[in-house]
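Visitor: For reference, the structure I am asking about is given below.
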Amino acid sequence: MSLQAIYNKQFENIDKQIGLFNTELEVVTSRIKTLALSKLKGLNEADIINYDVVWNEILQQSGYFDLVNKYISKSFDSIYDDILKGFEVVGLDVVFTERDITKINALKLINKQFFEQIGQDAGLEVKKSLYGYVIGGLSEDQIAINLANNLDEMGLSKYANTYANTAITNFNQSVIDMKTTDQDAVWIYDGVDDAKTRDFCKCLLDSMNYYDTNTKIELQNRPERAWNCRHQFYSVSKEWAEEQGYIEGYPSC
C-alpha cells in the first residue's frame, strides 16, 4: 500500500470520527439549551453569581462531558494502526512502548481539558448575559427569549466543532512526531488537494520538498494552517523521499 493510500484511509477514518462527534454535538447543544431555559424560574442576582455550578450541571446532564470523553478515547485511539503502517511504507521501523502510552494519555488529558474549557467559557458568557438581564429588570419570559437567542448565537457548537476537527489531526501529528526517533529521517507534507485546500497548503504540496526537523516545525506552526488543516507532516527515510521525487529545499510560500 502506498503512503497516499494510507493517508486516504487515515483521513477517511478521521472524517468519520469528526462526523460522529458533530452529529452527537447537535443533540447535546439542543439539550443544553433546553436545560438552561428550564433552570430560569425564580433566578435572582445571588443565583447568577453562583451560576458556574448550575452550568456545570447543565453540561453534565446534557452529555457534553460524556461526548468529549468518548471522542478523545475511542476516536483518538482509532488512528494508531494507520500511523504504524505509514512508518512501515516509508522505511522506518516503529513500535509503541509503555512510555509512549504515558505520553499519549497526557496528550489526551490536555485535549480533554481544552474541550471542557470551551464548555466553561460558554457558561461564562451565559452568566454575564443573565446578570445583565436580571439587573436590567427583564421579566422571566423576556430573559428566556433573550437567553434562547444567546445560546443560538453563542457558538459553543461552532467552537467545539472546529476544535474537534483540529484536535484529532493535531493528535495524529503529535503521535507521528513522538515516534520519529530516527535521526536520519526527513519530513514531507502530504494530504488532500482539492478546492478547499488553502493556498499555503497547496504551495507546500506542490513544492515537493523534504525538510529537516527545524524547518518542519517552523512550517507546521505557520498561522495559515492553524485550524481545520487536513494535511500532515510525515516522517520518512531520506532515501524513500528522493525515490518518490522529493528534493531538499525550502518552499516559496
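By order of appearance in the C-alpha cells: chains A, B, ..., then residues from 1 within every chain, and ligands from 1 in the order shown.
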Can you tell me which residues surround Gly123 (chain A) at a distance of at most 8 Å, considering only C-alpha atoms, apart from same-chain residues fewer than 3 positions away, and format the answer as number ranges by chain?
Guide: A: 52, 55, 119-120, 126-127
Visitor: Quick one: residues within 9 Å of Ser30 (chain A), only C-alpha atoms, excluding same-chain residues fewer than 5 positions away - as a PyMOL selection string?
Guide: chain A and resi 25+35+62
Visitor: Using only C-alpha atoms, which of A:Val68, A:Cys203, A:Met154, A:Ile79 sits nearest Glu24 (chain A)?
Guide: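 Using only C-alpha atoms, the shortest distance to Glu24 (chain A) belongs to A:Val68.
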Visitor: Between A:Glu26, A:Glu125, A:Asp93, A:Glu140, which residue has the minimum interatomic distance to Leu43 (chain A), considering only C-alpha atoms?
Guide: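 Ranking A:Glu26, A:Glu125, A:Asp93, A:Glu140 by distance to Leu43 (chain A), first place goes to A:Glu140.
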Visitor: Neighbours of Gln173 (chain A) within 9 Å (only C-alpha atoms; same-chain residues fewer than 6 positions away dropped), as an MDAnalysis selection string?
Guide: chainID A and resid 232:234
Visitor: Using only C-alpha atoms, which residues sit within 9 Å of region 185-195 of chain A once same-chain residues fewer than 2 positions away are excluded, as a compact mmCIF listing (two decimals) with C-alpha atoms, in the first residue's frame?
Guide:
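File produced: part-v6.txt:
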```txt
# COMPACT_ATOMS: atom_id res chain seq x y z
CA GLN A 4 -1.05 8.20 -0.26
CA TYR A 7 -3.14 8.76 4.13
CA ASN A 8 -6.52 8.47 2.37
CA PHE A 11 -8.29 10.69 6.86
CA LEU A 92 11.01 3.38 9.26
CA THR A 180 10.15 9.84 14.92
CA THR A 181 13.37 8.86 16.67
CA ASP A 182 15.39 8.10 13.54
CA GLN A 183 17.95 10.92 13.28
CA THR A 197 -7.15 23.38 0.07
CA ARG A 198 -5.70 26.66 1.31
CA CYS A 201 -1.03 24.18 1.98
CA LYS A 202 -1.26 23.88 -1.81
CA LEU A 204 3.67 23.10 0.32
CA LEU A 205 2.10 20.18 -1.54
CA MET A 208 7.65 18.50 -3.33
CA ASN A 209 10.35 19.36 -0.79
CA TYR A 210 11.60 17.36 2.15
CA TYR A 211 12.67 19.11 5.34
CA ASP A 212 14.81 18.72 8.42
CA THR A 213 13.05 18.84 11.79
CA THR A 215 12.16 23.57 9.10
CA LYS A 216 9.25 21.19 9.60
CA ARG A 230 -6.33 18.47 6.58
CA HIS A 231 -2.63 17.88 5.95
CA GLN A 232 0.22 16.27 7.87
CA PHE A 233 3.98 16.24 8.03
CA TYR A 234 5.13 12.65 7.60
CA SER A 235 8.46 11.30 8.78
CA VAL A 236 10.17 9.27 6.06
CA SER A 237 13.61 7.98 5.24
CA LYS A 238 15.66 10.32 3.05
CA ALA A 241 11.73 10.69 -0.19
CA TYR A 246 11.08 14.90 -3.28
```
Visitor: So the first atom is CA of Val28 (chain A) and the second is CA of Gln60 (chain A); what is the distance between them in Å, to one decimal place?
Guide: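 Between these atoms lies a distance of 10.1 Å.
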Visitor: Can you list, as a list in words, every residue of region 157-207 of chain A that DSSP puts in strand (DSSP E or B)?
Guide: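 Answer for region 157-207 of chain A restricted to strand (DSSP E or B) is Ala185, Val186, Trp187, Ile188, Tyr189, Asp190 and Gly191 of chain A.
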Visitor: Write the residues of the selection above to a file with N, CA, C and O atoms, as a compact mmCIF listing (two decimals), in the first residue's frame.
Guide:
```txt
# COMPACT_ATOMS: atom_id res chain seq x y z
N ALA A 185 15.85 10.55 9.53
CA ALA A 185 14.55 10.75 8.92
C ALA A 185 14.38 12.21 8.47
O ALA A 185 14.96 13.13 9.05
N VAL A 186 13.60 12.42 7.43
CA VAL A 186 13.25 13.76 6.96
C VAL A 186 11.73 13.85 6.95
O VAL A 186 11.03 12.88 7.21
N TRP A 187 11.22 15.05 6.61
CA TRP A 187 9.79 15.28 6.68
C TRP A 187 9.25 15.71 5.32
O TRP A 187 9.86 16.53 4.64
N ILE A 188 8.09 15.17 4.95
CA ILE A 188 7.37 15.60 3.75
C ILE A 188 5.97 16.05 4.16
O ILE A 188 5.48 15.68 5.24
N TYR A 189 5.34 16.83 3.30
CA TYR A 189 3.99 17.34 3.56
C TYR A 189 3.03 16.64 2.60
O TYR A 189 3.29 16.58 1.39
N ASP A 190 1.96 16.10 3.14
CA ASP A 190 1.05 15.35 2.29
C ASP A 190 -0.38 15.53 2.77
O ASP A 190 -0.62 15.88 3.94
N GLY A 191 -1.32 15.29 1.86
CA GLY A 191 -2.73 15.38 2.22
C GLY A 191 -3.57 15.69 1.00
O GLY A 191 -3.09 15.73 -0.13
```
